[in-house]
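*Asks:* Input target19.cif, format and content: mmCIF, C-alpha atoms.
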```
data_model
loop_
_atom_site.label_atom_id
_atom_site.label_comp_id
_atom_site.auth_asym_id
_atom_site.auth_seq_id
_atom_site.Cartn_x
_atom_site.Cartn_y
_atom_site.Cartn_z
CA MET A 880 27.15 19.80 -7.59
CA ASN A 881 26.81 16.91 -10.02
CA GLN A 882 23.86 14.64 -9.51
CA VAL A 883 24.78 11.87 -7.14
CA PRO A 884 23.74 8.44 -8.49
CA THR A 885 20.64 7.17 -6.72
CA ASP A 886 22.33 3.94 -5.58
CA LYS A 887 24.71 6.13 -3.59
CA ILE A 888 21.73 7.94 -2.05
CA TRP A 889 20.20 4.58 -1.09
CA GLU A 890 23.50 3.70 0.59
CA TRP A 891 23.40 6.95 2.59
CA LEU A 892 19.80 6.35 3.58
CA ASP A 893 20.70 2.84 4.75
CA ALA A 894 22.82 4.56 7.41
CA VAL A 895 19.82 6.53 8.80
CA PRO A 896 18.54 4.61 11.83
CA ASP A 897 14.88 4.21 12.72
CA PRO A 898 14.38 6.58 15.69
CA GLU A 899 12.47 4.01 17.77
CA ILE A 900 14.43 0.89 16.81
CA PRO A 901 17.94 2.22 16.12
CA VAL A 902 19.42 -1.17 15.10
CA ILE A 903 17.62 -1.06 11.75
CA SER A 904 17.74 1.62 9.08
CA VAL A 905 14.85 3.41 7.41
CA VAL A 906 15.73 1.39 4.28
CA ASP A 907 15.58 -1.91 6.24
CA LEU A 908 12.15 -0.88 7.47
CA GLY A 909 10.97 -0.58 3.86
CA ILE A 910 9.54 2.90 4.25
CA VAL A 911 11.74 4.58 1.64
CA ARG A 912 9.75 3.80 -1.49
CA ASP A 913 11.57 5.76 -4.17
CA VAL A 914 14.59 7.96 -4.73
CA CYS A 915 14.88 9.90 -7.99
CA TRP A 916 16.11 13.11 -9.53
CA ASP A 917 13.50 15.50 -10.89
CA GLY A 918 15.62 18.03 -12.75
CA GLY A 919 17.94 19.37 -10.06
CA THR A 920 15.69 18.27 -7.18
CA LEU A 921 16.19 15.02 -5.35
CA LYS A 922 12.83 13.42 -4.58
CA VAL A 923 12.57 10.91 -1.77
CA SER A 924 9.27 9.15 -1.31
CA VAL A 925 8.53 7.88 2.19
CA THR A 926 5.52 5.87 3.40
CA PRO A 927 4.36 5.83 7.03
CA THR A 928 4.32 2.48 8.87
CA TYR A 929 1.15 3.19 10.86
CA SER A 930 -0.91 6.26 10.00
CA GLY A 931 -0.59 7.69 13.51
CA CYS A 932 3.02 6.69 14.15
CA PRO A 933 4.65 9.66 15.91
CA ALA A 934 8.06 8.65 14.52
CA THR A 935 7.00 9.50 10.95
CA SER A 936 7.83 13.20 11.10
CA VAL A 937 11.09 12.50 12.94
CA ILE A 938 12.06 10.03 10.21
CA SER A 939 11.46 12.60 7.46
CA MET A 940 13.56 15.10 9.41
CA ASP A 941 16.38 12.56 9.93
CA ILE A 942 16.40 11.71 6.21
CA GLU A 943 16.55 15.37 5.30
CA THR A 944 19.36 16.07 7.78
CA ALA A 945 21.40 13.10 6.55
CA LEU A 946 21.09 14.07 2.90
CA ARG A 947 21.93 17.72 3.60
CA ASP A 948 25.01 16.56 5.51
CA HIS A 949 26.06 14.72 2.34
CA GLY A 950 25.75 17.98 0.41
CA ILE A 951 22.30 17.59 -1.17
CA LYS A 952 20.82 21.07 -1.17
CA ASP A 953 17.71 20.78 -3.26
CA LEU A 954 15.51 17.98 -1.99
CA ARG A 955 11.87 17.16 -1.51
CA ILE A 956 10.44 14.50 0.76
CA GLU A 957 7.06 13.22 -0.30
CA THR A 958 4.69 11.06 1.70
CA SER A 959 3.00 8.30 -0.23
CA ILE A 960 0.32 6.18 1.40
CA SER A 961 -0.45 3.88 -1.50
CA PRO A 962 0.42 1.05 -1.74
CA ALA A 963 0.11 0.79 2.05
CA TRP A 964 3.24 -0.21 3.95
CA THR A 965 3.56 -3.89 4.71
CA THR A 966 6.03 -5.79 6.89
CA ASP A 967 6.84 -7.81 3.73
CA TRP A 968 9.08 -4.86 2.85
CA LEU A 969 11.37 -5.38 5.84
CA SER A 970 14.81 -6.40 4.60
CA GLU A 971 16.40 -9.74 5.53
CA LYS A 972 19.18 -7.78 7.24
CA GLY A 973 16.58 -5.80 9.17
CA ARG A 974 14.74 -8.95 10.28
CA ALA A 975 17.96 -10.51 11.58
CA ARG A 976 18.93 -7.36 13.45
CA LEU A 977 15.49 -7.06 15.04
CA GLU A 978 15.83 -10.56 16.46
CA GLU A 979 19.36 -9.91 17.77
CA TYR A 980 17.99 -6.79 19.43
CA GLY A 981 15.27 -8.80 21.22
CA ILE A 982 12.31 -8.04 18.96
CA ALA A 983 10.74 -11.04 17.22
CA PRO A 984 10.44 -10.32 13.47
CA PRO A 985 7.00 -10.51 11.77
CA GLN A 986 5.76 -13.90 10.58
CA PRO A 987 3.01 -14.58 8.06
CA ALA A 988 1.40 -16.93 10.59
CA GLY A 989 0.58 -13.88 12.70
CA GLY A 990 2.73 -14.63 15.73
CA PRO A 991 6.44 -14.89 16.56
CA GLU A 992 8.24 -18.06 15.48
CA ARG A 993 10.31 -18.21 18.66
CA CYS A 994 11.41 -16.25 21.71
CA PRO A 995 14.12 -13.80 20.61
CA HIS A 996 15.92 -14.31 23.95
CA CYS A 997 16.14 -18.09 24.36
CA GLY A 998 14.79 -19.43 21.06
CA SER A 999 11.97 -21.44 22.68
CA LYS A 1000 8.81 -21.93 20.64
CA ALA A 1001 6.66 -21.83 23.79
CA VAL A 1002 5.39 -18.27 23.46
CA GLU A 1003 2.06 -16.60 24.20
CA LYS A 1004 0.42 -13.29 23.39
CA VAL A 1005 -0.05 -10.75 26.16
CA SER A 1006 -1.62 -7.99 24.06
CA GLN A 1007 -2.11 -7.08 20.40
CA PHE A 1008 -0.42 -3.77 21.19
CA GLY A 1009 3.09 -3.12 22.47
CA SER A 1010 5.45 -0.26 23.13
CA THR A 1011 4.96 1.28 19.67
CA PRO A 1012 2.11 0.98 17.11
CA CYS A 1013 4.13 -1.51 15.02
CA LYS A 1014 4.65 -4.02 17.84
CA ALA A 1015 2.63 -6.46 19.91
CA HIS A 1016 3.44 -7.69 23.41
CA TRP A 1017 4.31 -11.39 23.87
CA ARG A 1018 6.05 -13.53 26.45
CA CYS A 1019 8.03 -16.73 26.56
CA THR A 1020 6.68 -19.42 28.87
CA ASP A 1021 10.11 -21.13 29.08
CA CYS A 1022 12.50 -18.29 29.99
CA LEU A 1023 9.54 -16.21 31.26
CA GLU A 1024 10.85 -13.05 29.61
CA PRO A 1025 8.44 -10.64 27.94
CA PHE A 1026 9.33 -9.42 24.45
CA ASP A 1027 8.08 -7.26 21.62
CA TYR A 1028 6.84 -8.85 18.41
CA PHE A 1029 6.91 -6.81 15.22
CA LYS A 1030 3.33 -7.15 13.99
CA CYS A 1031 2.71 -8.53 10.54
CA ILE A 1032 0.61 -6.14 8.45
CA MET B 366 -26.43 19.09 -3.58
CA THR B 367 -23.51 18.70 -5.97
CA GLN B 368 -21.26 15.65 -5.91
CA ASP B 369 -18.37 17.78 -4.56
CA GLU B 370 -20.49 18.98 -1.64
CA ALA B 371 -21.58 15.43 -0.88
CA PHE B 372 -17.97 14.23 -1.12
CA LEU B 373 -16.88 16.81 1.46
CA GLN B 374 -19.65 15.72 3.84
CA PHE B 375 -18.66 12.07 3.39
CA LEU B 376 -15.01 12.85 4.20
CA LEU B 377 -16.00 14.87 7.28
CA ARG B 378 -18.13 11.96 8.48
CA MET B 379 -15.22 9.54 8.16
CA GLY B 380 -12.67 11.92 9.69
CA ASP B 381 -14.87 13.22 12.50
CA ASN B 382 -15.73 9.66 13.59
CA THR B 383 -12.06 8.76 13.94
CA LEU B 384 -11.15 12.15 15.47
CA ILE B 385 -13.79 12.16 18.18
CA LEU B 386 -13.41 8.48 19.03
CA GLY B 387 -9.62 8.87 18.97
CA HIS B 388 -9.88 11.73 21.43
CA ARG B 389 -12.29 9.85 23.69
CA VAL B 390 -10.08 6.76 23.76
CA SER B 391 -7.00 8.91 24.46
CA GLU B 392 -8.71 10.09 27.67
CA TRP B 393 -7.81 6.68 29.11
CA CYS B 394 -4.09 7.32 28.75
CA GLY B 395 -2.62 6.86 32.23
CA HIS B 396 -5.96 5.70 33.69
CA ALA B 397 -6.62 2.21 32.29
CA PRO B 398 -7.05 -0.71 34.72
CA VAL B 399 -3.73 -2.38 33.80
CA LEU B 400 -0.65 -1.22 31.91
CA GLU B 401 -1.23 -3.46 28.86
CA GLU B 402 -4.74 -2.06 28.42
CA ASP B 403 -3.45 1.48 28.82
CA ILE B 404 -0.90 0.91 26.06
CA ALA B 405 -3.43 -0.81 23.82
CA LEU B 406 -5.96 2.01 24.20
CA ALA B 407 -3.32 4.67 23.55
CA ASN B 408 -2.17 2.82 20.42
CA THR B 409 -5.74 2.52 19.18
CA ALA B 410 -6.27 6.25 19.77
CA LEU B 411 -3.06 6.99 17.89
CA ASP B 412 -4.17 4.96 14.87
CA LEU B 413 -7.52 6.75 14.85
CA ILE B 414 -5.92 10.19 15.03
CA GLY B 415 -3.52 9.19 12.24
CA GLN B 416 -6.47 8.13 10.09
CA THR B 417 -8.14 11.44 10.91
CA GLN B 418 -5.17 13.29 9.43
CA MET B 419 -5.72 11.45 6.15
CA TRP B 420 -9.51 11.90 6.01
CA LEU B 421 -9.59 15.51 7.18
CA GLY B 422 -6.47 16.28 5.14
CA LEU B 423 -8.36 15.22 2.02
CA ALA B 424 -11.50 17.04 3.20
CA GLY B 425 -9.45 20.23 3.61
CA GLU B 426 -8.02 19.83 0.12
CA VAL B 427 -11.49 19.37 -1.36
CA ASP B 428 -12.74 22.34 0.67
CA GLY B 429 -10.31 24.90 -0.72
CA GLY B 430 -7.04 24.41 1.07
CA GLN B 431 -7.77 24.14 4.80
CA SER B 432 -5.52 21.85 6.79
CA ALA B 433 -6.61 18.82 8.80
CA ASP B 434 -5.65 20.82 11.91
CA ASP B 435 -7.90 23.73 10.89
CA LEU B 436 -10.83 21.36 10.58
CA ALA B 437 -10.07 19.56 13.84
CA PHE B 438 -9.38 22.56 16.03
CA LEU B 439 -11.32 25.49 14.60
CA ARG B 440 -14.80 24.10 13.90
CA ASP B 441 -17.60 24.28 16.42
CA ALA B 442 -19.86 21.46 17.58
CA TRP B 443 -22.54 21.96 14.91
CA ASP B 444 -19.93 21.56 12.14
CA PHE B 445 -19.00 18.04 13.23
CA ARG B 446 -20.38 15.06 11.33
CA ASN B 447 -19.49 12.12 13.56
CA VAL B 448 -22.09 9.62 14.73
CA LEU B 449 -23.36 10.22 18.28
CA MET B 450 -21.95 6.95 19.62
CA VAL B 451 -18.33 8.14 19.47
CA GLU B 452 -19.00 11.23 21.58
CA VAL B 453 -20.71 9.58 24.57
CA PRO B 454 -18.47 9.58 27.65
CA ASN B 455 -16.20 6.60 28.28
CA GLU B 456 -17.84 5.72 31.60
CA ASP B 457 -16.28 2.42 32.78
CA PHE B 458 -13.76 0.26 30.91
CA GLY B 459 -16.55 -2.11 29.88
CA ARG B 460 -18.56 0.58 28.13
CA THR B 461 -15.42 1.90 26.45
CA MET B 462 -14.61 -1.54 25.06
CA MET B 463 -18.21 -2.26 24.00
CA ARG B 464 -18.31 1.06 22.12
CA GLN B 465 -14.96 0.23 20.53
CA PHE B 466 -16.23 -3.17 19.42
CA LEU B 467 -19.46 -1.81 17.91
CA PHE B 468 -17.54 0.94 16.12
CA ASP B 469 -14.72 -1.37 14.97
CA ALA B 470 -17.24 -3.82 13.53
CA TRP B 471 -18.86 -1.05 11.43
CA HIS B 472 -15.48 0.53 10.63
CA SER B 473 -13.85 -2.66 9.37
CA ILE B 474 -16.80 -3.45 7.08
CA MET B 475 -16.99 0.15 5.81
CA LEU B 476 -13.25 0.33 5.07
CA GLY B 477 -13.38 -3.05 3.34
CA ARG B 478 -15.89 -1.58 0.88
CA LEU B 479 -14.02 1.72 0.52
CA ILE B 480 -10.88 -0.10 -0.66
CA LYS B 481 -12.83 -0.54 -3.91
CA SER B 482 -13.86 3.14 -4.09
CA SER B 483 -13.91 4.77 -7.52
CA ASP B 484 -11.91 7.62 -5.96
CA GLU B 485 -8.33 6.42 -5.71
CA ARG B 486 -7.50 8.77 -2.80
CA VAL B 487 -10.35 7.27 -0.76
CA ALA B 488 -9.26 3.75 -1.74
CA ALA B 489 -5.66 4.47 -0.63
CA ILE B 490 -6.71 5.80 2.80
CA ALA B 491 -9.08 2.86 3.29
CA ALA B 492 -6.38 0.32 2.37
CA LYS B 493 -4.01 1.85 4.90
CA ALA B 494 -6.60 2.25 7.67
CA SER B 495 -8.18 -1.18 7.27
CA LYS B 496 -4.92 -2.92 8.19
CA GLU B 497 -4.90 -1.06 11.50
CA VAL B 498 -8.60 -1.53 12.13
CA ALA B 499 -8.26 -5.32 11.70
CA TYR B 500 -6.14 -5.25 14.88
CA HIS B 501 -8.59 -2.97 16.67
CA LEU B 502 -11.45 -5.36 15.92
CA GLU B 503 -9.45 -8.42 16.98
CA ARG B 504 -8.68 -6.82 20.32
CA SER B 505 -12.09 -5.34 21.05
CA SER B 506 -13.85 -8.63 20.10
CA ASP B 507 -11.53 -10.62 22.39
CA THR B 508 -12.08 -8.19 25.24
CA VAL B 509 -15.87 -8.13 24.84
CA VAL B 510 -15.93 -11.94 24.93
CA GLY B 511 -13.47 -12.08 27.83
CA LEU B 512 -15.48 -9.67 29.96
CA GLY B 513 -18.97 -10.71 28.82
CA ASP B 514 -18.21 -14.37 29.48
CA GLY B 515 -16.18 -13.50 32.58
CA THR B 516 -17.29 -12.96 36.17
CA ALA B 517 -20.86 -12.07 37.20
CA GLU B 518 -19.69 -8.48 37.76
CA SER B 519 -17.97 -8.11 34.37
CA HIS B 520 -20.90 -9.81 32.61
CA ASP B 521 -23.40 -7.38 34.17
CA ARG B 522 -21.29 -4.38 33.27
CA MET B 523 -20.93 -5.52 29.66
CA GLN B 524 -24.67 -6.17 29.36
CA ALA B 525 -25.35 -2.70 30.82
CA ALA B 526 -22.88 -1.21 28.31
CA LEU B 527 -24.57 -3.00 25.41
CA ASP B 528 -28.04 -1.89 26.60
CA TYR B 529 -26.81 1.71 26.84
CA LEU B 530 -24.99 1.78 23.49
CA TRP B 531 -27.35 -0.25 21.30
CA PRO B 532 -29.65 2.74 20.55
CA TYR B 533 -26.60 4.49 19.07
CA VAL B 534 -25.88 1.68 16.57
CA GLY B 535 -28.66 2.53 14.10
CA GLU B 536 -27.17 5.88 13.12
CA MET B 537 -24.13 4.18 11.54
CA PHE B 538 -26.49 2.61 9.00
CA ALA B 539 -28.81 5.55 8.35
CA SER B 540 -28.71 6.65 4.72
CA ASP B 541 -29.50 10.08 3.33
CA GLU B 542 -29.08 12.05 0.08
CA ILE B 543 -25.32 12.40 0.69
CA ASP B 544 -24.93 8.63 0.87
CA ALA B 545 -27.08 8.22 -2.22
CA GLU B 546 -24.83 10.66 -4.10
CA MET B 547 -21.69 8.80 -2.96
CA ALA B 548 -23.14 5.41 -3.85
CA LYS B 549 -24.18 6.66 -7.30
CA ALA B 550 -20.63 7.87 -7.97
CA GLY B 551 -19.17 4.57 -6.71
CA ILE B 552 -17.18 6.45 -4.07
CA ALA B 553 -18.74 4.86 -0.98
CA PRO B 554 -21.33 2.19 -0.23
CA ASN B 555 -24.79 3.02 1.00
CA PRO B 556 -24.45 2.50 4.80
CA ALA B 557 -27.76 0.65 4.97
CA ASP B 558 -26.22 -2.05 2.77
CA LEU B 559 -23.62 -2.83 5.44
CA ARG B 560 -26.15 -3.72 8.12
CA ALA B 561 -26.57 -7.43 7.35
CA GLU B 562 -22.82 -8.06 7.49
CA PHE B 563 -22.56 -6.02 10.70
CA ASP B 564 -25.42 -7.91 12.34
CA ALA B 565 -23.86 -11.27 11.48
CA LEU B 566 -20.49 -10.26 12.94
CA VAL B 567 -21.89 -8.64 16.07
CA GLN B 568 -24.37 -11.45 16.77
CA ARG B 569 -21.58 -14.03 16.58
CA VAL B 570 -19.26 -12.19 18.98
CA LEU B 571 -21.98 -11.16 21.42
CA ALA B 572 -23.29 -14.74 21.53
CA ASP B 573 -19.75 -15.90 22.47
CA ALA B 574 -19.77 -13.16 25.08
CA THR B 575 -23.06 -14.55 26.51
CA LEU B 576 -24.67 -11.14 26.04
CA THR B 577 -28.18 -10.39 24.84
CA ILE B 578 -28.80 -7.86 22.09
CA PRO B 579 -31.67 -5.50 23.03
CA GLU B 580 -34.81 -5.94 20.95
CA SER B 581 -35.57 -2.24 20.47
CA GLU B 582 -34.69 -0.77 17.08
CA PHE B 583 -34.89 2.82 18.31
CA ALA B 584 -31.90 4.83 17.09
CA HIS B 585 -30.57 8.18 18.30
CA LYS B 586 -29.71 10.32 15.27
CA GLY B 587 -28.42 13.78 14.48
CA GLY B 588 -24.63 13.46 14.61
CA ARG B 589 -23.71 12.53 11.05
CA ASN B 590 -25.83 15.34 9.61
CA GLY B 591 -24.90 17.77 12.43
CA LYS B 592 -28.53 18.51 13.30
CA MET B 593 -28.34 17.49 16.94
CA HIS B 594 -25.21 16.34 18.71
CA THR B 595 -25.29 15.24 22.34
CA GLU B 596 -24.26 17.82 24.91
CA HIS B 597 -21.08 15.77 25.45
CA LEU B 598 -19.51 16.89 22.18
CA GLY B 599 -19.23 20.53 23.25
CA HIS B 600 -17.56 19.52 26.51
CA LEU B 601 -15.13 17.30 24.61
CA LEU B 602 -14.24 20.15 22.23
CA THR B 603 -13.48 22.53 25.10
CA GLN B 604 -10.69 20.12 26.05
CA MET B 605 -9.51 19.13 22.58
CA GLN B 606 -9.53 22.64 21.10
CA TRP B 607 -8.47 24.60 24.15
CA LEU B 608 -4.90 25.35 23.10
CA GLN B 609 -5.77 26.59 19.59
CA ARG B 610 -8.64 28.67 20.97
CA ALA B 611 -6.52 30.27 23.71
CA TYR B 612 -3.40 30.75 21.56
CA PRO B 613 -4.51 30.93 17.90
CA GLY B 614 -1.87 29.68 15.50
CA ALA B 615 0.31 28.19 18.26
CA SER B 616 2.58 25.43 16.97
CA TRP B 617 5.41 23.25 18.27
#
```
Let's see the structure in the file written out as structure tokens.

*Replies:*
Amino acid sequence: MNQVPTDKIWEWLDAVPDPEIPVISVVDLGIVRDVCWDGGTLKVSVTPTYSGCPATSVISMDIETALRDHGIKDLRIETSISPAWTTDWLSEKGRARLEEYGIAPPQPAGGPERCPHCGSKAVEKVSQFGSTPCKAHWRCTDCLEPFDYFKCI
Amino acid sequence: MTQDEAFLQFLLRMGDNTLILGHRVSEWCGHAPVLEEDIALANTALDLIGQTQMWLGLAGEVDGGQSADDLAFLRDAWDFRNVLMVEVPNEDFGRTMMRQFLFDAWHSIMLGRLIKSSDERVAAIAAKASKEVAYHLERSSDTVVGLGDGTAESHDRMQAALDYLWPYVGEMFASDEIDAEMAKAGIAPNPADLRAEFDALVQRVLADATLTIPESEFAHKGGRNGKMHTEHLGHLLTQMQWLQRAYPGASW
């Protein structure tokens, strides 16, 4: 098989959903750091979001399955921890989809800009930790709904 | 002691602290007083276990190709190099959170220094871990203040927790020939040099929490050099290592 151009590979990877938040892709999440050919081997470099995130090994498996389905036989997935993952690497598309899904996207100010359900700015923190390591638990004091906030790190 | 031997001991100290505390904190899973606290404790434990994989993974590499799992599940109590504070039982929620705060305060300062380590692998792990630990410290500080400056009952429990745990603080800042070797190589700071920053942070938070720091400077020691762990560590390992001991080589 001829070497598939890497921009095509990126396109394929952009169709691999995050296992915990299926509305965004692993590319949107910013955890695919590099895709390159090393001789006949395709190297994909992935960085974990949080060091103990249980989704990390599932993500590597999903990436491998997707690429094999596209006919890539010789591939190597490498974990890179430096530079450490930051929410600055979330794509604009990913941020918009998170909000549509009901998860407030990360903000440099350290808290959600508005309630992802009703848009109110009257929000308060319930806990620094939410349903997954990457999220915190907030609530809206107008519509009274709780919601997840994607922590800024 | 060669620099490589000292480096291995340093990595075991970092990884065993996060492993044993991570295991202790995970014991709360399903038992915490409210759901939010249960989730927060489980997430903290998860971060600590994740950091353990990085520290012990590197230790295994340095030590001739063992895996992080080998080091976590196949060593016996005397091989562990964690400070004694992380192995004491959780007791009530107050003591758990006080221990978390005292450890987080040390941990955040230590990792902040390690980001500048001359060893780029150590610097990379520290950069990753310190982002997570910033959240741990924020939460444990808030909780210590909330409970210390809370009701008479919560105040008394937090003061009792501080009185119980304070004698375990000194060991985090004890320095020996391993630390001297690491400091000389620019790999890690001398722990004693972190004490002033730790004291400033802890005094500020505990004052907000209306708690009184005990005057005694007595410090229990023996964990980070493996000379004398508490009896609690062996009991903890019987739980944590049970599966690998009963079914060697078992995997998912």

*Asks:* Expanded to explicit residues, what is the PyMOL selection byres ((chain A) within 12 of (chain B)) for this file, as a PyMOL selection string?

*Replies:* chain A and resi 926-935+958-966+989+1004-1017+1030-1032

*Asks:* How many Å lie between atom CA of A:Ser936 and atom CA of B:Met379, rounded to one decimal?

*Replies:* 23.5 Å

*Asks:* Between atom CA of B:Leu439 and atom CA of B:Gly614, what is the distance, to one decimal in Å?

*Replies:*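 So the answer is 10.4 Å.
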
*Asks:* Determine the nearest neighbour of A:Pro985 from the options A:Asp953, A:Asp967, A:Asp886, A:Glu1003, counting all atoms listed in the file.

*Replies:*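 The shortest atom-to-atom distance to A:Pro985 comes from A:Asp967.
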
*Asks:* Each side padded by 8 Å, which centre and which edge lengths in Å (one decimal) define the axis-aligned box around the listed atoms of stretch 920-935 of chain A? Give them as AutoDock Vina command-line options.

*Replies:*
```
--center_x 7.6 --center_y 10.4 --center_z 4.4 --size_x 33.1 --size_y 31.8 --size_z 39.1
```

*Asks:* For the provided coordinates, the residues matched by the PyMOL selection byres ((chain B and resi 605) around 12) should be stated as an NGL selection string.

*Replies:* :B and (384-389 or 391-392 or 434 or 437-442 or 598-604 or 606-611)

*Asks:* Given the file shown, enumerate the residues that the PyMOL selection byres ((chain B and resi 557-569) around 12) captures and present them as a ChimeraX atom specification.

*Replies:* /B:463-464,466-479,502-503,505-506,509-510,527,531,534-541,544-545,548,553-556,570-579

*Asks:* Can you spit out the residues from that selection as a PDB file, in the coordinates of the input, using C-alpha atoms?

*Replies:*
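Okay, again.pdb is ready:
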```
ATOM      1  CA  MET B 463     -18.210  -2.260  24.000  1.00  0.00           C
ATOM      2  CA  ARG B 464     -18.310   1.060  22.120  1.00  0.00           C
ATOM      3  CA  PHE B 466     -16.230  -3.170  19.420  1.00  0.00           C
ATOM      4  CA  LEU B 467     -19.460  -1.810  17.910  1.00  0.00           C
ATOM      5  CA  PHE B 468     -17.540   0.940  16.120  1.00  0.00           C
ATOM      6  CA  ASP B 469     -14.720  -1.370  14.970  1.00  0.00           C
ATOM      7  CA  ALA B 470     -17.240  -3.820  13.530  1.00  0.00           C
ATOM      8  CA  TRP B 471     -18.860  -1.050  11.430  1.00  0.00           C
ATOM      9  CA  HIS B 472     -15.480   0.530  10.630  1.00  0.00           C
ATOM     10  CA  SER B 473     -13.850  -2.660   9.370  1.00  0.00           C
ATOM     11  CA  ILE B 474     -16.800  -3.450   7.080  1.00  0.00           C
ATOM     12  CA  MET B 475     -16.990   0.150   5.810  1.00  0.00           C
ATOM     13  CA  LEU B 476     -13.250   0.330   5.070  1.00  0.00           C
ATOM     14  CA  GLY B 477     -13.380  -3.050   3.340  1.00  0.00           C
ATOM     15  CA  ARG B 478     -15.890  -1.580   0.880  1.00  0.00           C
ATOM     16  CA  LEU B 479     -14.020   1.720   0.520  1.00  0.00           C
ATOM     17  CA  LEU B 502     -11.450  -5.360  15.920  1.00  0.00           C
ATOM     18  CA  GLU B 503      -9.450  -8.420  16.980  1.00  0.00           C
ATOM     19  CA  SER B 505     -12.090  -5.340  21.050  1.00  0.00           C
ATOM     20  CA  SER B 506     -13.850  -8.630  20.100  1.00  0.00           C
ATOM     21  CA  VAL B 509     -15.870  -8.130  24.840  1.00  0.00           C
ATOM     22  CA  VAL B 510     -15.930 -11.940  24.930  1.00  0.00           C
ATOM     23  CA  LEU B 527     -24.570  -3.000  25.410  1.00  0.00           C
ATOM     24  CA  TRP B 531     -27.350  -0.250  21.300  1.00  0.00           C
ATOM     25  CA  VAL B 534     -25.880   1.680  16.570  1.00  0.00           C
ATOM     26  CA  GLY B 535     -28.660   2.530  14.100  1.00  0.00           C
ATOM     27  CA  GLU B 536     -27.170   5.880  13.120  1.00  0.00           C
ATOM     28  CA  MET B 537     -24.130   4.180  11.540  1.00  0.00           C
ATOM     29  CA  PHE B 538     -26.490   2.610   9.000  1.00  0.00           C
ATOM     30  CA  ALA B 539     -28.810   5.550   8.350  1.00  0.00           C
ATOM     31  CA  SER B 540     -28.710   6.650   4.720  1.00  0.00           C
ATOM     32  CA  ASP B 541     -29.500  10.080   3.330  1.00  0.00           C
ATOM     33  CA  ASP B 544     -24.930   8.630   0.870  1.00  0.00           C
ATOM     34  CA  ALA B 545     -27.080   8.220  -2.220  1.00  0.00           C
ATOM     35  CA  ALA B 548     -23.140   5.410  -3.850  1.00  0.00           C
ATOM     36  CA  ALA B 553     -18.740   4.860  -0.980  1.00  0.00           C
ATOM     37  CA  PRO B 554     -21.330   2.190  -0.230  1.00  0.00           C
ATOM     38  CA  ASN B 555     -24.790   3.020   1.000  1.00  0.00           C
ATOM     39  CA  PRO B 556     -24.450   2.500   4.800  1.00  0.00           C
ATOM     40  CA  VAL B 570     -19.260 -12.190  18.980  1.00  0.00           C
ATOM     41  CA  LEU B 571     -21.980 -11.160  21.420  1.00  0.00           C
ATOM     42  CA  ALA B 572     -23.290 -14.740  21.530  1.00  0.00           C
ATOM     43  CA  ASP B 573     -19.750 -15.900  22.470  1.00  0.00           C
ATOM     44  CA  ALA B 574     -19.770 -13.160  25.080  1.00  0.00           C
ATOM     45  CA  THR B 575     -23.060 -14.550  26.510  1.00  0.00           C
ATOM     46  CA  LEU B 576     -24.670 -11.140  26.040  1.00  0.00           C
ATOM     47  CA  THR B 577     -28.180 -10.390  24.840  1.00  0.00           C
ATOM     48  CA  ILE B 578     -28.800  -7.860  22.090  1.00  0.00           C
ATOM     49  CA  PRO B 579     -31.670  -5.500  23.030  1.00  0.00           C
TER      50      PRO B 579
END
```

*Asks:* Quick one: pull the distance between atom CA of B:Thr367 and atom CA of B:Ile543, Å, one decimal.

*Replies:*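 These atoms are spaced 9.3 Å apart.
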
*Asks:* Can you work out which one of B:Pro454, B:Pro613, B:Gly515, B:Gly587 has the shortest atom-to-atom distance to B:Asp435, counting all atoms listed in the file?

*Replies:*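 For B:Asp435, the nearest of the candidates is B:Pro613.
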
*Asks:* Have a look at A:Arg1018, A:Gly918, A:Thr885, A:Gly973 and name the one nearest to A:Gly990; count only C-alpha atoms.

*Replies:*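 Closest candidate: A:Arg1018.
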
*Asks:* Show me, as a ChimeraX atom specification, the residues that have an atom within 12 Å of A:Val937 when counting all atoms listed in the file, minus same-chain residues fewer than 5 positions from it.

*Replies:* /A:895-899,905,925,927,932,942-944

*Asks:* Please provide the set of residues having any atom within 8 Å of B:Trp443, restricted to all atoms listed in the file, with same-chain residues fewer than 2 positions apart removed, written as an MDAnalysis selection string.

*Replies:* chainID B and resid 441 445 591:594

*Asks:* Which residues, written as a CSV table (one decimal) with C-alpha atoms, in the coordinates of the input, have at least one atom at most 12 Å from B:Glu426, with all atoms listed in the file counted and residues fewer than 3 positions away on the same chain left out?

*Replies:*
```
chain,number,residue,atom,x,y,z
B,369,ASP,CA,-18.4,17.8,-4.6
B,372,PHE,CA,-18.0,14.2,-1.1
B,373,LEU,CA,-16.9,16.8,1.5
B,376,LEU,CA,-15.0,12.8,4.2
B,377,LEU,CA,-16.0,14.9,7.3
B,418,GLN,CA,-5.2,13.3,9.4
B,419,MET,CA,-5.7,11.4,6.2
B,420,TRP,CA,-9.5,11.9,6.0
B,421,LEU,CA,-9.6,15.5,7.2
B,422,GLY,CA,-6.5,16.3,5.1
B,423,LEU,CA,-8.4,15.2,2.0
B,429,GLY,CA,-10.3,24.9,-0.7
B,430,GLY,CA,-7.0,24.4,1.1
B,431,GLN,CA,-7.8,24.1,4.8
B,432,SER,CA,-5.5,21.8,6.8
B,433,ALA,CA,-6.6,18.8,8.8
B,435,ASP,CA,-7.9,23.7,10.9
B,436,LEU,CA,-10.8,21.4,10.6
B,486,ARG,CA,-7.5,8.8,-2.8
```

*Asks:* Pick out the residues sitting within 7 Å of A:Lys922, and hand them over as JSON, numbers by chain; count only C-alpha atoms, and ignore anything fewer than 3 positions along from it in its own chain.

*Replies:* {"A": [914, 915, 916, 917, 954, 955, 956]}
